[in-house]
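Data block for upload.txt (compact mmCIF, C-alpha atoms):
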```txt
# COMPACT_ATOMS: atom_id res chain seq x y z
CA MET A 17 10.16 -24.72 49.37
CA VAL A 18 8.33 -22.39 51.75
CA ARG A 19 10.58 -19.50 50.70
CA ARG A 20 9.59 -19.91 47.04
CA ALA A 21 5.83 -19.72 47.62
CA PRO A 22 5.64 -15.89 47.95
CA ILE A 23 7.77 -15.47 44.82
CA VAL A 24 5.60 -17.88 42.84
CA LEU A 25 2.40 -16.17 44.05
CA VAL A 26 3.68 -12.68 43.16
CA ALA A 27 4.90 -13.84 39.72
CA THR A 28 1.58 -15.58 39.05
CA ALA A 29 -0.39 -12.47 40.07
CA ALA A 30 1.82 -10.24 37.88
CA GLY A 31 1.41 -12.59 34.91
CA LEU A 32 -2.35 -12.76 35.37
CA ALA A 33 -2.57 -8.96 35.63
CA GLY A 34 -0.56 -8.66 32.40
CA VAL A 35 -2.83 -11.08 30.56
CA LEU A 36 -6.00 -9.40 31.83
CA GLY A 37 -4.63 -5.95 31.01
CA PHE A 38 -3.67 -6.87 27.43
CA HIS A 39 -5.88 -5.27 24.80
CA SER A 40 -5.61 -6.74 21.34
CA HIS A 41 -6.57 -4.69 18.32
CA SER A 42 -8.36 -6.21 15.40
CA ALA A 43 -7.70 -4.83 11.95
CA THR A 44 -10.74 -3.37 10.27
CA PHE A 45 -10.72 -2.24 6.70
CA ALA A 46 -13.23 0.18 5.31
CA THR A 47 -14.66 -0.04 1.86
CA SER A 48 -14.90 2.96 -0.41
CA SER A 49 -18.31 3.76 1.10
CA SER A 50 -16.71 4.93 4.37
CA VAL A 51 -14.34 7.46 2.86
CA GLY A 52 -12.40 9.81 5.13
CA THR A 53 -12.29 10.16 8.89
CA SER A 54 -12.22 13.02 11.27
CA GLY A 55 -9.34 12.88 13.70
CA SER A 56 -8.24 14.98 16.63
CA SER A 57 -6.93 17.59 14.20
CA GLY A 58 -10.51 18.20 13.06
CA THR A 59 -9.75 17.60 9.39
CA THR A 60 -11.40 15.24 6.98
CA SER A 61 -9.55 13.69 4.06
CA THR A 62 -11.47 12.55 1.00
CA THR A 63 -10.07 11.31 -2.29
CA THR A 64 -12.10 10.21 -5.25
CA PRO A 65 -10.56 7.17 -6.98
CA THR A 66 -9.50 7.99 -10.51
CA THR A 67 -7.87 6.34 -13.47
CA THR A 68 -6.09 8.35 -16.14
CA THR A 69 -4.30 7.36 -19.32
CA THR A 70 -1.48 9.32 -20.95
CA PRO A 71 -0.39 8.25 -24.46
CA SER A 72 3.18 8.44 -25.69
CA THR A 73 4.23 7.29 -29.13
CA THR A 74 6.91 4.85 -30.26
CA SER A 75 7.85 3.94 -33.79
CA GLY A 76 8.57 0.77 -35.71
CA SER A 77 11.48 0.15 -38.06
CA THR A 78 11.93 -1.63 -41.37
CA THR A 79 15.22 -3.03 -42.64
CA LYS A 80 16.03 -4.47 -46.04
CA SER A 81 18.82 -6.99 -46.42
CA SER A 82 21.04 -7.40 -49.50
CA SER A 83 19.25 -10.64 -50.39
CA GLY A 84 16.09 -8.70 -51.10
CA SER A 85 14.00 -9.88 -48.13
CA THR A 86 12.37 -7.32 -45.87
CA SER A 87 12.28 -7.60 -42.11
CA THR A 88 9.84 -5.43 -40.20
CA THR A 89 10.07 -4.80 -36.48
CA THR A 90 6.90 -3.24 -35.16
CA THR A 91 6.40 -1.90 -31.71
CA SER A 92 3.16 -0.72 -30.26
CA PRO A 93 2.19 2.55 -31.94
CA VAL A 94 1.06 3.96 -28.59
CA THR A 95 2.45 3.13 -25.18
CA THR A 96 0.24 4.47 -22.42
CA THR A 97 0.87 5.36 -18.84
CA LYS A 98 -2.05 4.44 -16.63
CA THR A 99 -2.53 6.07 -13.26
CA ALA A 100 -5.00 4.70 -10.73
CA VAL A 101 -5.81 5.55 -7.13
CA GLY A 102 -6.90 2.71 -4.88
CA GLU A 103 -9.78 2.89 -2.46
CA GLN A 104 -9.22 4.59 0.86
CA VAL A 105 -8.54 1.95 3.49
CA ASN A 106 -9.03 2.32 7.24
CA TYR A 107 -5.91 0.69 8.65
CA ASN A 108 -6.89 1.04 12.31
CA TYR A 109 -4.75 4.14 12.98
CA GLY A 110 -5.94 6.24 10.06
CA VAL A 111 -7.03 6.14 6.44
CA LEU A 112 -4.77 5.85 3.40
CA ALA A 113 -5.03 5.48 -0.37
CA VAL A 114 -2.29 4.38 -2.77
CA GLU A 115 -1.63 5.73 -6.28
CA VAL A 116 0.05 3.54 -8.89
CA LYS A 117 1.44 4.35 -12.35
CA ILE A 118 1.85 1.63 -14.96
CA LYS A 119 3.64 1.90 -18.30
CA ALA A 120 4.18 -0.95 -20.76
CA SER A 121 2.82 -3.54 -18.30
CA LYS A 122 5.29 -2.45 -15.63
CA ILE A 123 4.65 -0.64 -12.35
CA THR A 124 6.73 2.53 -12.60
CA SER A 125 5.57 4.43 -9.52
CA VAL A 126 3.81 3.68 -6.23
CA THR A 127 3.00 6.58 -3.92
CA ILE A 128 0.55 7.59 -1.22
CA ALA A 129 -2.36 9.50 -2.78
CA SER A 130 -3.83 10.47 0.60
CA ILE A 131 -3.28 9.70 4.26
CA ASP A 132 -4.95 10.89 7.44
CA GLU A 133 -3.58 9.63 10.76
CA GLY A 134 -5.94 11.81 12.79
CA GLY A 135 -3.05 13.68 14.43
CA ASN A 136 -1.68 10.55 16.13
CA GLN A 137 2.07 11.23 16.42
CA LEU A 138 3.00 7.59 16.97
CA SER A 139 1.12 6.57 13.82
CA GLN A 140 2.75 9.41 11.87
CA SER A 141 6.19 8.25 13.01
CA ILE A 142 5.48 4.63 12.06
CA ASP A 143 4.07 5.66 8.67
CA GLN A 144 7.05 7.93 7.88
CA ARG A 145 9.36 4.97 8.47
CA SER A 146 7.31 2.21 6.84
CA ILE A 147 5.65 3.76 3.76
CA PRO A 148 8.89 4.36 1.79
CA VAL A 149 9.82 0.72 2.42
CA LEU A 150 6.38 -0.47 1.25
CA GLU A 151 6.62 1.67 -1.90
CA GLN A 152 10.00 0.15 -2.78
CA GLU A 153 8.75 -3.38 -2.05
CA ALA A 154 5.81 -2.86 -4.43
CA LEU A 155 8.12 -1.64 -7.19
CA GLN A 156 10.44 -4.61 -6.73
CA ALA A 157 7.63 -7.17 -6.49
CA GLN A 158 5.68 -5.61 -9.39
CA SER A 159 2.50 -6.57 -7.53
CA ALA A 160 0.61 -6.03 -4.28
CA ASN A 161 2.16 -9.22 -2.90
CA ILE A 162 4.60 -7.44 -0.58
CA GLN A 163 6.18 -8.16 2.79
CA SER A 164 4.86 -6.44 5.91
CA VAL A 165 7.15 -3.95 7.60
CA SER A 166 7.99 -5.03 11.14
CA GLY A 167 6.18 -2.83 13.66
CA ALA A 168 3.80 -1.50 11.01
CA SER A 169 1.51 -4.44 10.33
CA TYR A 170 -1.70 -2.37 10.14
CA THR A 171 -0.11 0.19 7.79
CA SER A 172 1.33 -2.64 5.67
CA ALA A 173 -2.03 -4.41 5.37
CA GLY A 174 -3.87 -1.19 4.49
CA PHE A 175 -1.20 -0.23 1.95
CA ALA A 176 -1.35 -3.64 0.26
CA GLN A 177 -5.17 -3.58 0.13
CA SER A 178 -5.32 -0.11 -1.46
CA LEU A 179 -2.46 -1.01 -3.84
CA GLN A 180 -4.29 -4.16 -5.00
CA ASN A 181 -7.43 -2.09 -5.62
CA ALA A 182 -5.44 0.47 -7.64
CA LEU A 183 -3.81 -2.28 -9.72
CA SER A 184 -7.22 -3.81 -10.42
CA LYS A 185 -8.61 -0.44 -11.51
CA ALA A 186 -5.68 -0.01 -13.89
CA GLY A 187 -6.24 -3.49 -15.33
CA PHE A 188 -2.81 -4.70 -14.23
CA LYS A 189 -2.33 -8.49 -14.47
```
Can the structure from this file be put into structure tokens for me?
Amino acid sequence: MVRRAPIVLVATAAGLAGVLGFHSHSATFATSSSVGTSGSSGTTSTTTPTTTTTPSTTSGSTTKSSSGSTSTTTTSPVTTTKTAVGEQVNYNYGVLAVEVKIKASKITSVTIASIDEGGNQLSQSIDQRSIPVLEQEALQAQSANIQSVSGASYTSAGFAQSLQNALSKAGFK
């Protein structure tokens, strides 16, 4: 029992030092009023949220059967593609904004409209790995209700928030 005391004391001290040395980060999200940040690269990124509509036409068809009745199939005379950019969101390691394209009530494209990691190489590496996964998740889910990417929880939360804002601007569901 006496031989264990120094081991227990050292382990307790190491555990206490680890707990005291732990720094948690809280996620803070900026609204559109705090657009852009200036990072160590000295650049500022600013994007103005926009919504655009591009019309494309489709046609209806009419068929007449031998019995004399007429059947008409009508499709929408104009199918539009809506593009909207979500608000820039501060995701704790930078600022990002998501662009979404919607055609015929379906999300057809989700991309990053702007991103500024402030020159942080670790954040850039995480974003390069996680953003393509988040874009695919959004396309599959057809909403902003997407799973977080492991190891990129701040990026995932910021992406989802900007995506939801873009979808709202486009009038999606």
Excluding A:Gln180 and any residue of its chain fewer than 5 positions from it, enumerate the residues within 8 Å of it, using all atoms listed in the file, and give them as a list in words. Gly102, Ser159 and Ala160 of chain A
Produce a file of the selected residues containing C-alpha atoms, as a PDB file, keeping the file's coordinate frame.
```pdb
ATOM      1  CA  GLY A 102      -6.900   2.710  -4.880  1.00  0.00           C
ATOM      2  CA  SER A 159       2.500  -6.570  -7.530  1.00  0.00           C
ATOM      3  CA  ALA A 160       0.610  -6.030  -4.280  1.00  0.00           C
TER       4      ALA A 160
END
```
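Residues in contact range of A:Leu112, defined as at most 8 Å between only C-alpha atoms, with sequence neighbours fewer than 4 positions away removed, read Gln104, Val105, Asn106, Tyr107, Ile128, Ala129, Ser130, Ile131, Asp132, Gly174, Phe175 and Ser178 of chain A.
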Take the selection from the previous step and output its residues with C-alpha atoms, as a PDB file, in the frame of the given file.
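The new file out_13.pdb reads:
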```pdb
ATOM      1  CA  GLN A 104      -9.220   4.590   0.860  1.00  0.00           C
ATOM      2  CA  VAL A 105      -8.540   1.950   3.490  1.00  0.00           C
ATOM      3  CA  ASN A 106      -9.030   2.320   7.240  1.00  0.00           C
ATOM      4  CA  TYR A 107      -5.910   0.690   8.650  1.00  0.00           C
ATOM      5  CA  ILE A 128       0.550   7.590  -1.220  1.00  0.00           C
ATOM      6  CA  ALA A 129      -2.360   9.500  -2.780  1.00  0.00           C
ATOM      7  CA  SER A 130      -3.830  10.470   0.600  1.00  0.00           C
ATOM      8  CA  ILE A 131      -3.280   9.700   4.260  1.00  0.00           C
ATOM      9  CA  ASP A 132      -4.950  10.890   7.440  1.00  0.00           C
ATOM     10  CA  GLY A 174      -3.870  -1.190   4.490  1.00  0.00           C
ATOM     11  CA  PHE A 175      -1.200  -0.230   1.950  1.00  0.00           C
ATOM     12  CA  SER A 178      -5.320  -0.110  -1.460  1.00  0.00           C
TER      13      SER A 178
END
```
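From atom CA of A:Lys189 back to atom CA of A:Ala173, the distance works out to 20.3 Å.
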Between atom CA of A:Ser172 and atom CA of A:Ile147 lies a distance of 8.0 Å
Nearest residue to A:Gln140 from the set A:Thr97, A:Asn181, A:Gln158, A:Thr171 (distances using all atoms listed in the file):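 Comparing A:Thr97, A:Asn181, A:Gln158, A:Thr171 against A:Gln140, the winner is A:Thr171.
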Nearest to A:Tyr170: which of A:Leu183, A:Ala154, A:Val126, A:Ile142 is it, counting all atoms listed in the file? A:Ile142
In terms of all atoms listed in the file, the residue from A:Ser139, A:Pro148, A:Ala182, A:Lys98 at minimal distance from A:Ala120 is A:Lys98
Under the rule that only C-alpha atoms are counted, which of A:Val111, A:Ala186, A:Leu150, A:Val101 is the nearest residue to A:Val165?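 Residue with the minimum atom-to-atom distance to A:Val165: A:Leu150.
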Hey, which of A:Asp143, A:Glu151, A:Leu138, A:Glu133 ends up closest to A:Gln163? Count all atoms listed in the file. A:Glu151
Which of A:Ser146, A:Gln177, A:Ala21, A:Thr96 sits closest to A:Asn161 [using all atoms listed in the file]: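 Result for the nearest residue to A:Asn161: A:Gln177.
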Given the point (2.9, 4.2, -17.3) in the file's coordinates, find the residues that have an atom at most 9 Å from it, counting only C-alpha atoms, and give them as a PyMOL selection string. chain A and resi 69-71+95-99+116-125
